[in-house]
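Student: Pasting query_1.pdb here (PDB, C-alpha atoms and all ligand atoms):
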```pdb
ATOM      1  CA  MET G  15      -4.821 -23.309  23.283  1.00  0.00           C
ATOM      2  CA  ALA G  16      -8.148 -21.490  23.392  1.00  0.00           C
ATOM      3  CA  GLU G  17      -8.498 -18.474  21.163  1.00  0.00           C
ATOM      4  CA  SER G  18      -8.480 -15.183  23.061  1.00  0.00           C
ATOM      5  CA  ALA G  19     -11.443 -12.817  22.916  1.00  0.00           C
ATOM      6  CA  LEU G  20      -9.289 -10.445  20.894  1.00  0.00           C
ATOM      7  CA  GLN G  21      -8.466 -13.138  18.335  1.00  0.00           C
ATOM      8  CA  THR G  22     -12.139 -13.994  18.012  1.00  0.00           C
ATOM      9  CA  ARG G  23     -13.107 -10.391  17.419  1.00  0.00           C
ATOM     10  CA  LEU G  24     -10.311  -9.904  14.906  1.00  0.00           C
ATOM     11  CA  ARG G  25     -11.453 -13.027  13.082  1.00  0.00           C
ATOM     12  CA  GLU G  26     -14.979 -11.615  12.891  1.00  0.00           C
ATOM     13  CA  ARG G  27     -13.763  -8.234  11.643  1.00  0.00           C
ATOM     14  CA  LEU G  28     -11.659  -9.939   8.989  1.00  0.00           C
ATOM     15  CA  ALA G  29     -14.542 -12.094   7.837  1.00  0.00           C
ATOM     16  CA  ARG G  30     -16.690  -8.996   7.408  1.00  0.00           C
ATOM     17  CA  ILE G  31     -14.008  -7.102   5.483  1.00  0.00           C
ATOM     18  CA  ASN G  32     -13.307 -10.075   3.239  1.00  0.00           C
ATOM     19  CA  GLU G  33     -17.015 -10.473   2.586  1.00  0.00           C
ATOM     20  CA  ARG G  34     -17.212  -6.818   1.504  1.00  0.00           C
ATOM     21  CA  ILE G  35     -14.177  -7.263  -0.764  1.00  0.00           C
ATOM     22  CA  HIS G  36     -15.791 -10.347  -2.315  1.00  0.00           C
ATOM     23  CA  ARG G  37     -19.033  -8.503  -2.969  1.00  0.00           C
ATOM     24  CA  ALA G  38     -17.232  -5.549  -4.545  1.00  0.00           C
ATOM     25  CA  CYS G  39     -15.304  -7.998  -6.748  1.00  0.00           C
ATOM     26  CA  ALA G  40     -18.548  -9.689  -7.768  1.00  0.00           C
ATOM     27  CA  ARG G  41     -20.065  -6.340  -8.757  1.00  0.00           C
ATOM     28  CA  ALA G  42     -17.005  -5.563 -10.895  1.00  0.00           C
ATOM     29  CA  GLY G  43     -16.557  -9.042 -12.363  1.00  0.00           C
ATOM     30  CA  ARG G  44     -13.163  -9.428 -10.683  1.00  0.00           C
ATOM     31  CA  SER G  45     -11.527 -12.311  -8.872  1.00  0.00           C
ATOM     32  CA  PRO G  46     -10.927 -11.735  -5.136  1.00  0.00           C
ATOM     33  CA  ALA G  47      -7.610 -13.538  -5.653  1.00  0.00           C
ATOM     34  CA  ASN G  48      -6.401 -10.329  -7.298  1.00  0.00           C
ATOM     35  CA  VAL G  49      -7.047  -8.148  -4.244  1.00  0.00           C
ATOM     36  CA  THR G  50      -4.603  -8.283  -1.330  1.00  0.00           C
ATOM     37  CA  LEU G  51      -5.630  -6.960   2.042  1.00  0.00           C
ATOM     38  CA  VAL G  52      -2.792  -5.044   3.685  1.00  0.00           C
ATOM     39  CA  ALA G  53      -3.603  -4.795   7.386  1.00  0.00           C
ATOM     40  CA  VAL G  54      -2.396  -1.392   8.580  1.00  0.00           C
ATOM     41  CA  THR G  55      -1.074  -1.976  12.093  1.00  0.00           C
ATOM     42  CA  LYS G  56       0.027   1.581  12.929  1.00  0.00           C
ATOM     43  CA  THR G  57      -2.539   1.997  15.716  1.00  0.00           C
ATOM     44  CA  VAL G  58      -1.919  -1.325  17.451  1.00  0.00           C
ATOM     45  CA  PRO G  59       1.038  -2.760  19.365  1.00  0.00           C
ATOM     46  CA  ALA G  60       3.311  -5.425  17.930  1.00  0.00           C
ATOM     47  CA  ASP G  61       1.715  -8.236  19.952  1.00  0.00           C
ATOM     48  CA  VAL G  62      -1.636  -7.524  18.293  1.00  0.00           C
ATOM     49  CA  ALA G  63      -0.054  -7.339  14.837  1.00  0.00           C
ATOM     50  CA  ALA G  64       1.539 -10.712  15.623  1.00  0.00           C
ATOM     51  CA  LEU G  65      -1.917 -12.330  15.844  1.00  0.00           C
ATOM     52  CA  LEU G  66      -2.688 -11.681  12.184  1.00  0.00           C
ATOM     53  CA  PRO G  67      -0.686 -14.403  10.396  1.00  0.00           C
ATOM     54  CA  ASP G  68      -2.630 -17.143  12.216  1.00  0.00           C
ATOM     55  CA  LEU G  69      -5.816 -15.491  11.001  1.00  0.00           C
ATOM     56  CA  GLY G  70      -4.618 -15.690   7.412  1.00  0.00           C
ATOM     57  CA  VAL G  71      -3.328 -12.137   7.020  1.00  0.00           C
ATOM     58  CA  THR G  72       0.339 -12.083   6.065  1.00  0.00           C
ATOM     59  CA  ASP G  73       0.574  -8.643   4.451  1.00  0.00           C
ATOM     60  CA  LEU G  74       1.030  -5.910   7.059  1.00  0.00           C
ATOM     61  CA  GLY G  75       1.516  -2.196   6.520  1.00  0.00           C
ATOM     62  CA  GLU G  76       3.102   0.574   8.548  1.00  0.00           C
ATOM     63  CA  SER G  77       3.285   4.246   7.680  1.00  0.00           C
ATOM     64  CA  ARG G  78       6.321   5.165   9.807  1.00  0.00           C
ATOM     65  CA  PRO G  79       9.657   3.494   9.054  1.00  0.00           C
ATOM     66  CA  GLN G  80      10.787   3.339  12.696  1.00  0.00           C
ATOM     67  CA  GLU G  81       7.548   1.687  13.703  1.00  0.00           C
ATOM     68  CA  LEU G  82       7.979  -0.826  10.900  1.00  0.00           C
ATOM     69  CA  TRP G  83      11.516  -1.623  12.086  1.00  0.00           C
ATOM     70  CA  HIS G  84      10.215  -2.160  15.589  1.00  0.00           C
ATOM     71  CA  LYS G  85       7.307  -4.386  14.589  1.00  0.00           C
ATOM     72  CA  ALA G  86       9.290  -6.344  12.021  1.00  0.00           C
ATOM     73  CA  ALA G  87      11.610  -7.353  14.855  1.00  0.00           C
ATOM     74  CA  SER G  88       8.788  -8.710  17.005  1.00  0.00           C
ATOM     75  CA  VAL G  89       6.310 -10.239  14.534  1.00  0.00           C
ATOM     76  CA  PRO G  90       6.845 -13.686  12.940  1.00  0.00           C
ATOM     77  CA  ALA G  91       9.091 -13.607   9.911  1.00  0.00           C
ATOM     78  CA  ALA G  92       6.395 -15.083   7.647  1.00  0.00           C
ATOM     79  CA  VAL G  93       4.921 -11.587   7.306  1.00  0.00           C
ATOM     80  CA  HIS G  94       5.378  -9.425   4.217  1.00  0.00           C
ATOM     81  CA  TRP G  95       5.837  -5.820   5.307  1.00  0.00           C
ATOM     82  CA  HIS G  96       4.569  -2.911   3.242  1.00  0.00           C
ATOM     83  CA  LEU G  97       5.746   0.633   3.877  1.00  0.00           C
ATOM     84  CA  ILE G  98       2.811   2.923   3.124  1.00  0.00           C
ATOM     85  CA  GLY G  99       4.046   6.286   4.460  1.00  0.00           C
ATOM     86  CA  HIS G 100       6.767   8.787   3.726  1.00  0.00           C
ATOM     87  CA  LEU G 101      10.295   7.348   3.654  1.00  0.00           C
ATOM     88  CA  GLN G 102      13.113   9.757   4.522  1.00  0.00           C
ATOM     89  CA  ARG G 103      16.264   9.066   2.549  1.00  0.00           C
ATOM     90  CA  ASN G 104      18.339   8.526   5.689  1.00  0.00           C
ATOM     91  CA  LYS G 105      16.042   5.608   6.590  1.00  0.00           C
ATOM     92  CA  VAL G 106      16.295   3.799   3.248  1.00  0.00           C
ATOM     93  CA  GLU G 107      19.246   1.601   4.165  1.00  0.00           C
ATOM     94  CA  ARG G 108      17.637   0.144   7.251  1.00  0.00           C
ATOM     95  CA  THR G 109      14.157  -0.187   5.759  1.00  0.00           C
ATOM     96  CA  LEU G 110      14.971  -1.930   2.480  1.00  0.00           C
ATOM     97  CA  PRO G 111      15.857  -5.375   3.814  1.00  0.00           C
ATOM     98  CA  LEU G 112      12.621  -5.525   5.815  1.00  0.00           C
ATOM     99  CA  VAL G 113       9.991  -4.702   3.220  1.00  0.00           C
ATOM    100  CA  ARG G 114       8.313  -6.544   0.411  1.00  0.00           C
ATOM    101  CA  LEU G 115       6.993  -3.398  -1.265  1.00  0.00           C
ATOM    102  CA  ILE G 116       7.261   0.355  -0.710  1.00  0.00           C
ATOM    103  CA  HIS G 117       3.915   1.890  -1.672  1.00  0.00           C
ATOM    104  CA  SER G 118       4.853   5.476  -0.927  1.00  0.00           C
ATOM    105  CA  VAL G 119       7.698   6.529  -3.219  1.00  0.00           C
ATOM    106  CA  ASP G 120       6.926  10.200  -3.593  1.00  0.00           C
ATOM    107  CA  SER G 121       9.953  11.926  -5.168  1.00  0.00           C
ATOM    108  CA  TRP G 122      12.676  11.530  -7.735  1.00  0.00           C
ATOM    109  CA  ARG G 123      15.328  11.965  -5.031  1.00  0.00           C
ATOM    110  CA  LEU G 124      13.916   8.996  -3.130  1.00  0.00           C
ATOM    111  CA  LEU G 125      13.939   6.864  -6.291  1.00  0.00           C
ATOM    112  CA  GLU G 126      17.620   7.685  -6.743  1.00  0.00           C
ATOM    113  CA  ALA G 127      18.378   6.881  -3.107  1.00  0.00           C
ATOM    114  CA  LEU G 128      16.590   3.519  -3.408  1.00  0.00           C
ATOM    115  CA  ASP G 129      18.465   2.700  -6.584  1.00  0.00           C
ATOM    116  CA  ALA G 130      21.783   3.518  -4.923  1.00  0.00           C
ATOM    117  CA  ALA G 131      20.963   1.508  -1.805  1.00  0.00           C
ATOM    118  CA  ALA G 132      20.005  -1.491  -3.926  1.00  0.00           C
ATOM    119  CA  ALA G 133      23.542  -1.763  -5.294  1.00  0.00           C
ATOM    120  CA  ASN G 134      24.518  -4.153  -2.483  1.00  0.00           C
ATOM    121  CA  ARG G 135      21.629  -6.556  -2.776  1.00  0.00           C
ATOM    122  CA  THR G 136      20.460  -9.181  -5.192  1.00  0.00           C
ATOM    123  CA  GLY G 137      17.300  -8.354  -7.059  1.00  0.00           C
ATOM    124  CA  PRO G 138      15.506  -5.081  -7.644  1.00  0.00           C
ATOM    125  CA  VAL G 139      13.642  -2.910  -5.154  1.00  0.00           C
ATOM    126  CA  ASP G 140       9.917  -3.156  -5.801  1.00  0.00           C
ATOM    127  CA  VAL G 141       8.068   0.125  -5.445  1.00  0.00           C
ATOM    128  CA  LEU G 142       4.812   1.851  -6.195  1.00  0.00           C
ATOM    129  CA  LEU G 143       4.814   5.523  -7.104  1.00  0.00           C
ATOM    130  CA  GLU G 144       2.555   7.524  -4.821  1.00  0.00           C
ATOM    131  CA  VAL G 145       0.387   9.929  -6.772  1.00  0.00           C
ATOM    132  CA  ASN G 146      -1.457  12.881  -5.346  1.00  0.00           C
ATOM    133  CA  ALA G 147      -4.480  12.138  -7.485  1.00  0.00           C
ATOM    134  CA  SER G 148      -6.911  14.101  -5.332  1.00  0.00           C
ATOM    135  CA  GLY G 149      -4.865  17.313  -5.625  1.00  0.00           C
ATOM    136  CA  GLU G 150      -4.893  18.176  -1.906  1.00  0.00           C
ATOM    137  CA  ALA G 151      -2.023  20.486  -0.956  1.00  0.00           C
ATOM    138  CA  ALA G 152      -1.045  18.579   2.194  1.00  0.00           C
ATOM    139  CA  LYS G 153      -0.560  15.249   0.451  1.00  0.00           C
ATOM    140  CA  HIS G 154       2.708  13.576  -0.484  1.00  0.00           C
ATOM    141  CA  GLY G 155       3.140  12.142  -3.939  1.00  0.00           C
ATOM    142  CA  PHE G 156       3.911  12.916  -7.541  1.00  0.00           C
ATOM    143  CA  ALA G 157       1.519  15.283  -9.258  1.00  0.00           C
ATOM    144  CA  PRO G 158      -0.180  13.450 -12.148  1.00  0.00           C
ATOM    145  CA  GLY G 159       1.567  15.824 -14.552  1.00  0.00           C
ATOM    146  CA  GLU G 160       5.013  14.752 -13.292  1.00  0.00           C
ATOM    147  CA  LEU G 161       4.603  11.081 -14.137  1.00  0.00           C
ATOM    148  CA  ASP G 162       5.553  11.141 -17.823  1.00  0.00           C
ATOM    149  CA  ARG G 163       8.846  12.860 -17.088  1.00  0.00           C
ATOM    150  CA  THR G 164       9.485  10.549 -14.145  1.00  0.00           C
ATOM    151  CA  ALA G 165       8.908   7.567 -16.444  1.00  0.00           C
ATOM    152  CA  GLN G 166      11.498   8.924 -18.876  1.00  0.00           C
ATOM    153  CA  ARG G 167      14.046   9.404 -16.100  1.00  0.00           C
ATOM    154  CA  LEU G 168      13.364   5.932 -14.684  1.00  0.00           C
ATOM    155  CA  LYS G 169      14.970   4.418 -17.741  1.00  0.00           C
ATOM    156  CA  GLY G 170      18.284   5.505 -16.201  1.00  0.00           C
ATOM    157  CA  LEU G 171      17.793   3.550 -12.967  1.00  0.00           C
ATOM    158  CA  ASP G 172      18.159  -0.195 -13.231  1.00  0.00           C
ATOM    159  CA  ARG G 173      17.697  -1.416  -9.675  1.00  0.00           C
ATOM    160  CA  VAL G 174      14.243   0.008  -8.970  1.00  0.00           C
ATOM    161  CA  ARG G 175      11.252  -1.803 -10.379  1.00  0.00           C
ATOM    162  CA  VAL G 176       7.969   0.100 -10.543  1.00  0.00           C
ATOM    163  CA  ARG G 177       5.110  -2.311  -9.902  1.00  0.00           C
ATOM    164  CA  GLY G 178       2.283   0.210  -9.970  1.00  0.00           C
ATOM    165  CA  LEU G 179       0.771   3.293  -8.405  1.00  0.00           C
ATOM    166  CA  MET G 180      -0.619   4.196  -4.998  1.00  0.00           C
ATOM    167  CA  THR G 181      -2.943   6.962  -3.851  1.00  0.00           C
ATOM    168  CA  MET G 182      -4.966   8.157  -0.890  1.00  0.00           C
ATOM    169  CA  ALA G 183      -8.362   9.617  -1.690  1.00  0.00           C
ATOM    170  CA  ALA G 184      -9.610  12.613   0.262  1.00  0.00           C
ATOM    171  CA  TYR G 185     -11.908  11.599   3.092  1.00  0.00           C
ATOM    172  CA  GLU G 186     -15.520  11.742   1.909  1.00  0.00           C
ATOM    173  CA  ALA G 187     -18.637  11.123   3.979  1.00  0.00           C
ATOM    174  CA  LYS G 188     -19.969   9.454   0.828  1.00  0.00           C
ATOM    175  CA  PRO G 189     -17.279   7.003  -0.379  1.00  0.00           C
ATOM    176  CA  GLU G 190     -18.825   7.039  -3.835  1.00  0.00           C
ATOM    177  CA  ARG G 191     -17.260  10.477  -4.235  1.00  0.00           C
ATOM    178  CA  CYS G 192     -13.779   8.892  -4.063  1.00  0.00           C
ATOM    179  CA  ARG G 193     -14.433   7.087  -7.317  1.00  0.00           C
ATOM    180  CA  THR G 194     -13.042   9.836  -9.553  1.00  0.00           C
ATOM    181  CA  THR G 195      -9.717   9.723  -7.676  1.00  0.00           C
ATOM    182  CA  PHE G 196      -9.481   5.961  -8.174  1.00  0.00           C
ATOM    183  CA  VAL G 197     -10.425   6.177 -11.849  1.00  0.00           C
ATOM    184  CA  THR G 198      -7.761   8.862 -12.296  1.00  0.00           C
ATOM    185  CA  LEU G 199      -5.126   6.600 -10.741  1.00  0.00           C
ATOM    186  CA  ARG G 200      -6.125   3.693 -12.952  1.00  0.00           C
ATOM    187  CA  GLU G 201      -5.962   5.811 -16.086  1.00  0.00           C
ATOM    188  CA  LEU G 202      -2.533   7.169 -15.099  1.00  0.00           C
ATOM    189  CA  ARG G 203      -1.382   3.603 -14.557  1.00  0.00           C
ATOM    190  CA  ASP G 204      -2.642   2.534 -17.981  1.00  0.00           C
ATOM    191  CA  ARG G 205      -0.727   5.397 -19.574  1.00  0.00           C
ATOM    192  CA  LEU G 206       2.512   4.610 -17.765  1.00  0.00           C
ATOM    193  CA  LYS G 207       2.171   0.966 -18.698  1.00  0.00           C
ATOM    194  CA  ALA G 208       2.481   2.007 -22.310  1.00  0.00           C
ATOM    195  CA  THR G 209       5.690   3.988 -21.717  1.00  0.00           C
ATOM    196  CA  LEU G 210       7.657   2.067 -19.059  1.00  0.00           C
ATOM    197  CA  PRO G 211       9.375  -1.034 -20.457  1.00  0.00           C
ATOM    198  CA  PRO G 212      10.118  -4.194 -18.431  1.00  0.00           C
ATOM    199  CA  PRO G 213      11.244  -4.937 -15.767  1.00  0.00           C
ATOM    200  CA  HIS G 214       8.674  -2.351 -14.680  1.00  0.00           C
ATOM    201  CA  ASP G 215       5.238  -3.932 -14.873  1.00  0.00           C
ATOM    202  CA  LEU G 216       2.577  -1.659 -13.378  1.00  0.00           C
ATOM    203  CA  ALA G 217       0.360  -4.557 -12.380  1.00  0.00           C
ATOM    204  CA  HIS G 218      -0.691  -2.924  -9.120  1.00  0.00           C
ATOM    205  CA  LEU G 219      -3.012  -0.233  -7.857  1.00  0.00           C
ATOM    206  CA  SER G 220      -2.776   0.399  -4.111  1.00  0.00           C
ATOM    207  CA  MET G 221      -5.907   2.322  -3.261  1.00  0.00           C
ATOM    208  CA  GLY G 222      -8.781   2.087  -0.818  1.00  0.00           C
ATOM    209  CA  MET G 223      -8.809   2.468   2.978  1.00  0.00           C
ATOM    210  CA  SER G 224     -11.447   1.648   5.590  1.00  0.00           C
ATOM    211  CA  ASN G 225     -13.816   4.312   4.364  1.00  0.00           C
ATOM    212  CA  ASP G 226     -13.621   3.702   0.635  1.00  0.00           C
ATOM    213  CA  PHE G 227     -12.134   0.284  -0.142  1.00  0.00           C
ATOM    214  CA  GLU G 228     -15.224  -1.139  -1.829  1.00  0.00           C
ATOM    215  CA  VAL G 229     -15.248   1.640  -4.403  1.00  0.00           C
ATOM    216  CA  ALA G 230     -11.494   1.167  -4.904  1.00  0.00           C
ATOM    217  CA  VAL G 231     -11.970  -2.572  -5.503  1.00  0.00           C
ATOM    218  CA  GLU G 232     -14.657  -1.813  -8.060  1.00  0.00           C
ATOM    219  CA  GLU G 233     -12.066   0.376  -9.818  1.00  0.00           C
ATOM    220  CA  GLU G 234      -9.399  -2.360  -9.901  1.00  0.00           C
ATOM    221  CA  ALA G 235      -7.434  -1.919  -6.686  1.00  0.00           C
ATOM    222  CA  THR G 236      -5.019  -4.818  -6.166  1.00  0.00           C
ATOM    223  CA  PHE G 237      -3.991  -3.705  -2.660  1.00  0.00           C
ATOM    224  CA  VAL G 238      -6.412  -2.232  -0.131  1.00  0.00           C
ATOM    225  CA  ARG G 239      -4.824  -0.759   3.010  1.00  0.00           C
ATOM    226  CA  ILE G 240      -7.118  -1.179   5.998  1.00  0.00           C
ATOM    227  CA  GLY G 241      -6.576  -0.168   9.604  1.00  0.00           C
ATOM    228  CA  THR G 242      -9.642   1.340  11.276  1.00  0.00           C
ATOM    229  CA  ALA G 243     -12.187  -1.218  10.010  1.00  0.00           C
ATOM    230  CA  LEU G 244     -10.010  -3.978  11.410  1.00  0.00           C
ATOM    231  CA  PHE G 245      -8.816  -2.601  14.741  1.00  0.00           C
ATOM    232  CA  ASP G 246     -11.030   0.287  15.811  1.00  0.00           C
ATOM    233  CA  GLY G 247     -12.275  -0.186  19.349  1.00  0.00           C
ATOM    234  CA  LEU G 248     -10.496  -3.531  19.853  1.00  0.00           C
ATOM    235  CA  VAL G 249      -7.345  -2.227  21.510  1.00  0.00           C
ATOM    236  CA  SER G 250      -7.139   0.662  23.899  1.00  0.00           C
TER
HETATM  237  C1  LIG H 301      -3.421   4.870   8.094  1.00  0.00           C
HETATM  238  C2  LIG H 301      -3.338   4.596   6.647  1.00  0.00           C
HETATM  239  C3  LIG H 301      -4.230   3.696   6.033  1.00  0.00           C
HETATM  240  C4  LIG H 301      -5.354   2.991   6.788  1.00  0.00           C
HETATM  241  O1  LIG H 301      -6.394   3.891   6.973  1.00  0.00           O
HETATM  242  P1  LIG H 301      -7.768   3.433   7.698  1.00  0.00           P
HETATM  243  O2  LIG H 301      -8.708   4.509   7.337  1.00  0.00           O
HETATM  244  O3  LIG H 301      -7.464   3.365   9.151  1.00  0.00           O
HETATM  245  O4  LIG H 301      -8.144   2.120   7.138  1.00  0.00           O
HETATM  246  C5  LIG H 301      -4.073   3.454   4.680  1.00  0.00           C
HETATM  247  N1  LIG H 301      -3.113   4.063   3.955  1.00  0.00           N
HETATM  248  C6  LIG H 301      -2.245   4.931   4.505  1.00  0.00           C
HETATM  249  C7  LIG H 301      -1.215   5.557   3.641  1.00  0.00           C
HETATM  250  C8  LIG H 301      -2.333   5.236   5.860  1.00  0.00           C
HETATM  251  O5  LIG H 301      -1.467   6.111   6.399  1.00  0.00           O
END
```
Please, can you express the file's structure as structure tokens?
Tutor:
Amino acid sequence: MAESALQTRLRERLARINERIHRACARAGRSPANVTLVAVTKTVPADVAALLPDLGVTDLGESRPQELWHKAASVPAAVHWHLIGHLQRNKVERTLPLVRLIHSVDSWRLLEALDAAAANRTGPVDVLLEVNASGEAAKHGFAPGELDRTAQRLKGLDRVRVRGLMTMAAYEAKPERCRTTFVTLRELRDRLKATLPPPHDLAHLSMGMSNDFEVAVEEEATFVRIGTALFDGLVS
């Protein structure tokens, strides 16, 4: 079957994004194999999201749980779903079986709810702790100063596995100005790594969006979450 115009344009967008990730890796002496592109599908319908696996993108992200439920039901099962936005506790039960990783765990109460919900499944729940590293009042996430205490308390939960940290930088016209936020997240991660014993592993840094992902990759992002650069203008 001939590729649709939309598929062709998506393929071109992806090639450009991957090229930029590769260049940022080269500048930082990193392997591109250690950076996973999470395609953020929140602005496009499920049938567009469903085109991505054939183009080599199998990690998809949604910021709203209900939207993730909806898309997970209509996109091929080969996809790994990432929840990247606020998760209300009453949506934990339904969301857990659908997601590979929750990037946006932003409170102790949510950690407890995830731990409780994981009682009836095999294997731990993999999460990232969202950190408000830019200090903006409107942002979700743990304050950097709360992380040590959270790490102590995590020793009492045995079904949640912390795989790393996530942040959103403030929007900057000059992406270079996001670098301090990303460096802060990396340093917080390195500190937590020293205090949180296995099975926690803190291998991951989820940081970098369309505007700033190259800087994030230079600062060791392992997940970049990209929506606009991929889809903007392609779907009305
Ligand atoms: C929407 C969203 C993104 C993607 O942002 P773009 O600027 O469109 O690439 C990444 N992370 C989170 C948490 C988001 O809500």
Student: Using all atoms listed in the file, which protein or nucleic acid residues come within 10 Å of His214 of chain G? Drop anything in the same chain fewer than 2 positions from it, and give the result as a PDB file with C-alpha atoms, keeping the file's coordinate frame.
Tutor:
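The result, written out as out.pdb:
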```pdb
ATOM      1  CA  ASP G 140       9.917  -3.156  -5.801  1.00  0.00           C
ATOM      2  CA  VAL G 141       8.068   0.125  -5.445  1.00  0.00           C
ATOM      3  CA  LEU G 168      13.364   5.932 -14.684  1.00  0.00           C
ATOM      4  CA  LYS G 169      14.970   4.418 -17.741  1.00  0.00           C
ATOM      5  CA  ASP G 172      18.159  -0.195 -13.231  1.00  0.00           C
ATOM      6  CA  VAL G 174      14.243   0.008  -8.970  1.00  0.00           C
ATOM      7  CA  ARG G 175      11.252  -1.803 -10.379  1.00  0.00           C
ATOM      8  CA  VAL G 176       7.969   0.100 -10.543  1.00  0.00           C
ATOM      9  CA  ARG G 177       5.110  -2.311  -9.902  1.00  0.00           C
ATOM     10  CA  GLY G 178       2.283   0.210  -9.970  1.00  0.00           C
ATOM     11  CA  LEU G 206       2.512   4.610 -17.765  1.00  0.00           C
ATOM     12  CA  LYS G 207       2.171   0.966 -18.698  1.00  0.00           C
ATOM     13  CA  THR G 209       5.690   3.988 -21.717  1.00  0.00           C
ATOM     14  CA  LEU G 210       7.657   2.067 -19.059  1.00  0.00           C
ATOM     15  CA  PRO G 211       9.375  -1.034 -20.457  1.00  0.00           C
ATOM     16  CA  PRO G 212      10.118  -4.194 -18.431  1.00  0.00           C
ATOM     17  CA  LEU G 216       2.577  -1.659 -13.378  1.00  0.00           C
ATOM     18  CA  ALA G 217       0.360  -4.557 -12.380  1.00  0.00           C
TER      19      ALA G 217
END
```
Student: Taking all atoms listed in the file into account, which residues have an atom no farther than 9 Å from ligand LIG 301 (chain H)? I'd like them as number ranges by chain.
Tutor: G: 52-57, 75-78, 97-100, 117-118, 180-182, 185, 220-227, 238-246
Student: Save out the residues we just selected, C-alpha atoms, as a short mmCIF file (atom, residue, chain, number, x, y, z; two decimals), in the coordinates of the input.
Tutor:
```cif
data_model
loop_
_atom_site.label_atom_id
_atom_site.label_comp_id
_atom_site.auth_asym_id
_atom_site.auth_seq_id
_atom_site.Cartn_x
_atom_site.Cartn_y
_atom_site.Cartn_z
CA VAL G 52 -2.79 -5.04 3.68
CA ALA G 53 -3.60 -4.80 7.39
CA VAL G 54 -2.40 -1.39 8.58
CA THR G 55 -1.07 -1.98 12.09
CA LYS G 56 0.03 1.58 12.93
CA THR G 57 -2.54 2.00 15.72
CA GLY G 75 1.52 -2.20 6.52
CA GLU G 76 3.10 0.57 8.55
CA SER G 77 3.28 4.25 7.68
CA ARG G 78 6.32 5.16 9.81
CA LEU G 97 5.75 0.63 3.88
CA ILE G 98 2.81 2.92 3.12
CA GLY G 99 4.05 6.29 4.46
CA HIS G 100 6.77 8.79 3.73
CA HIS G 117 3.92 1.89 -1.67
CA SER G 118 4.85 5.48 -0.93
CA MET G 180 -0.62 4.20 -5.00
CA THR G 181 -2.94 6.96 -3.85
CA MET G 182 -4.97 8.16 -0.89
CA TYR G 185 -11.91 11.60 3.09
CA SER G 220 -2.78 0.40 -4.11
CA MET G 221 -5.91 2.32 -3.26
CA GLY G 222 -8.78 2.09 -0.82
CA MET G 223 -8.81 2.47 2.98
CA SER G 224 -11.45 1.65 5.59
CA ASN G 225 -13.82 4.31 4.36
CA ASP G 226 -13.62 3.70 0.64
CA PHE G 227 -12.13 0.28 -0.14
CA VAL G 238 -6.41 -2.23 -0.13
CA ARG G 239 -4.82 -0.76 3.01
CA ILE G 240 -7.12 -1.18 6.00
CA GLY G 241 -6.58 -0.17 9.60
CA THR G 242 -9.64 1.34 11.28
CA ALA G 243 -12.19 -1.22 10.01
CA LEU G 244 -10.01 -3.98 11.41
CA PHE G 245 -8.82 -2.60 14.74
CA ASP G 246 -11.03 0.29 15.81
#
```
Student: Separation of atom CA of Pro59 of chain G and atom CA of Glu107 of chain G, in Å?
Tutor: 24.1 Å
Student: Here's the selection I'm unsure about, the PyMOL selection byres (((chain G and resi 150-155) around 12) and not hetatm); applied to the file above, which residues does it give, as a ChimeraX atom specification?
Tutor: /G:98-101,117-122,124,142-149,156-161,179-185,195
Student: Name the residues that the PyMOL selection byres (((chain G and resi 63) around 9) and not hetatm) pulls out of this structure, and write them as a list in words.
Tutor: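 The output of the PyMOL selection byres (((chain G and resi 63) around 9) and not hetatm) on this file is Ala53, Val54, Thr55, Val58, Pro59, Ala60, Asp61, Val62, Ala64, Leu65, Leu66, Pro67, Leu74, Lys85 and Val89 of chain G.
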Student: Evaluate the PyMOL selection byres (((chain G and resi 137) around 12) and not hetatm) and record the selected residues as a tab-separated table (two decimals) with C-alpha atoms, in the frame of the given file, following the chain and residue labels used in the document.
Tutor:
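Everything below was put into selection22.tsv:
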```tsv
chain	number	residue	atom	x	y	z
G	110	LEU	CA	14.97	-1.93	2.48
G	111	PRO	CA	15.86	-5.38	3.81
G	114	ARG	CA	8.31	-6.54	0.41
G	129	ASP	CA	18.46	2.70	-6.58
G	131	ALA	CA	20.96	1.51	-1.80
G	132	ALA	CA	20.00	-1.49	-3.93
G	133	ALA	CA	23.54	-1.76	-5.29
G	134	ASN	CA	24.52	-4.15	-2.48
G	135	ARG	CA	21.63	-6.56	-2.78
G	136	THR	CA	20.46	-9.18	-5.19
G	138	PRO	CA	15.51	-5.08	-7.64
G	139	VAL	CA	13.64	-2.91	-5.15
G	140	ASP	CA	9.92	-3.16	-5.80
G	172	ASP	CA	18.16	-0.20	-13.23
G	173	ARG	CA	17.70	-1.42	-9.68
G	174	VAL	CA	14.24	0.01	-8.97
G	175	ARG	CA	11.25	-1.80	-10.38
G	213	PRO	CA	11.24	-4.94	-15.77
```
Student: If I take atom CA of Leu82 of chain G and atom CA of Gly70 of chain G, how far is one from the other in Å, to one decimal?
Tutor: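 A separation of 19.8 Å between them.
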Student: How would you write as a short mmCIF file (atom, residue, chain, number, x, y, z; two decimals) with C-alpha atoms, keeping the file's coordinate frame the residues that get within 12 Å of (-17.1, -10.6, -2.6) in the file's frame, counting only C-alpha atoms?
Tutor:
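The result, written out as out.cif:
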```cif
data_model
loop_
_atom_site.label_atom_id
_atom_site.label_comp_id
_atom_site.auth_asym_id
_atom_site.auth_seq_id
_atom_site.Cartn_x
_atom_site.Cartn_y
_atom_site.Cartn_z
CA ALA G 29 -14.54 -12.09 7.84
CA ARG G 30 -16.69 -9.00 7.41
CA ILE G 31 -14.01 -7.10 5.48
CA ASN G 32 -13.31 -10.07 3.24
CA GLU G 33 -17.02 -10.47 2.59
CA ARG G 34 -17.21 -6.82 1.50
CA ILE G 35 -14.18 -7.26 -0.76
CA HIS G 36 -15.79 -10.35 -2.32
CA ARG G 37 -19.03 -8.50 -2.97
CA ALA G 38 -17.23 -5.55 -4.54
CA CYS G 39 -15.30 -8.00 -6.75
CA ALA G 40 -18.55 -9.69 -7.77
CA ARG G 41 -20.07 -6.34 -8.76
CA ALA G 42 -17.00 -5.56 -10.90
CA GLY G 43 -16.56 -9.04 -12.36
CA ARG G 44 -13.16 -9.43 -10.68
CA SER G 45 -11.53 -12.31 -8.87
CA PRO G 46 -10.93 -11.74 -5.14
CA ALA G 47 -7.61 -13.54 -5.65
CA ASN G 48 -6.40 -10.33 -7.30
CA VAL G 49 -7.05 -8.15 -4.24
CA GLU G 228 -15.22 -1.14 -1.83
CA VAL G 231 -11.97 -2.57 -5.50
CA GLU G 232 -14.66 -1.81 -8.06
#
```
